[in-house]
Amino acid sequence: MTGDSAPRASEKGNGLLAIAVGGGIAGTLDLLQACILFGWKIPLVIAGGLLGRAAFQGGVGTYVLGVLLHFFIACSAAAVYYGASRRLRFLIEYPLVCGLFFGAAVEDVMSFIVLPLSALHSKGPYRLHDLILGLVVHMVVIGLPISYSVRRFGK
């Protein structure tokens with residue numbers, strides 16, 4: 001093992017830690033707020049994005065699938081932020097502002113791309129109140145945990 005290979009191995013570990021912590025915290029906060037606001041069957045709705053309306057009659061397996069999909073999406077968002085931060089160093093230097101903008105971007109991608117393309121084909125018309133609430137919530141519970149975990153663990 002050469003001297004150059006050891007730092008790269010630790011950088012990979014830090015990247016995985018940043019993604020896992022950021023995605024885990026963001027996923028937990030987002031799922032918890034969604035369940036509190038919309039009911040504890042939200043994981044069935046998430047599974048419905050993959051399985052269609054049949055997921056609403058699903059049992060424990062479908063519920064667990066929804067939870068796993070939710071955390072997969074949260075960790076994927078964290079991986080995107082981490083990957084971008086390798087080239088765009090200001091993402092690490094200014095986690096507050098960048099995290100808020102990233103959370104808003106995640107909300108927009110989910111609302112206007114992912115959900116319409118899902119098996120549920122969820123699309124507008126959207127109410128302004130719902131759009132603003134979704135943006136604010138995702139800015140705080142998705143963007144900030146991810147940006148600060150990448151700052152803390154992904155250097």
# chains A, B, ... in the order shown; residues from 1 in each chain; ligands from 1
>>> residues_around(residues="Asp108 in chain A", least_positions_apart="5", cutoff="12 Å", atoms="only C-alpha atoms", output="ChimeraX atom specification")
/A:101-103,113-116,131-132,134-136,138-139
>>> closest_atom_pairs(of="range 73-153 of chain A", to="range 26-35 of chain A", cutoff="9 Å", atoms="only C-alpha atoms", output="CSV")
residue,atom,partner,partner_atom,distance
A:Ile73,CA,A:Gly27,CA,8.1
A:Ala74,CA,A:Gly27,CA,5.2
A:Cys75,CA,A:Gly27,CA,7.7
A:Ala78,CA,A:Ala26,CA,8.7
A:Val137,CA,A:Asp30,CA,8.1
A:His138,CA,A:Asp30,CA,7.6
A:Val140,CA,A:Ala26,CA,8.9
A:Val141,CA,A:Ala26,CA,5.5
A:Ile142,CA,A:Ala26,CA,4.7
A:Gly143,CA,A:Ala26,CA,7.7
A:Leu144,CA,A:Ala26,CA,8.1
A:Pro145,CA,A:Ala26,CA,5.7
A:Ile146,CA,A:Ala26,CA,6.7
>>> residues_around(residues="Val21 in chain A", least_positions_apart="4", cutoff="7 Å", atoms="only C-alpha atoms", output="number ranges by chain")
A: 17, 25, 149
>>> closest_residue(among="A:Val67, A:Leu133, A:Val60, A:Ala104", to="Ile42 in chain A", atoms="only C-alpha atoms")
A:Val67
>>> closest_residue(among="A:Gly23, A:Leu120, A:Asn14, A:Pro95", to="Ala47 in chain A", atoms="only C-alpha atoms")
A:Leu120
>>> residues_around(residues="Leu16 in chain A", least_positions_apart="4", cutoff="12 Å", atoms="only C-alpha atoms", output="PyMOL selection string")
chain A and resi 9-12+20-24+75-76+78-80+82-83+149-150+153-155
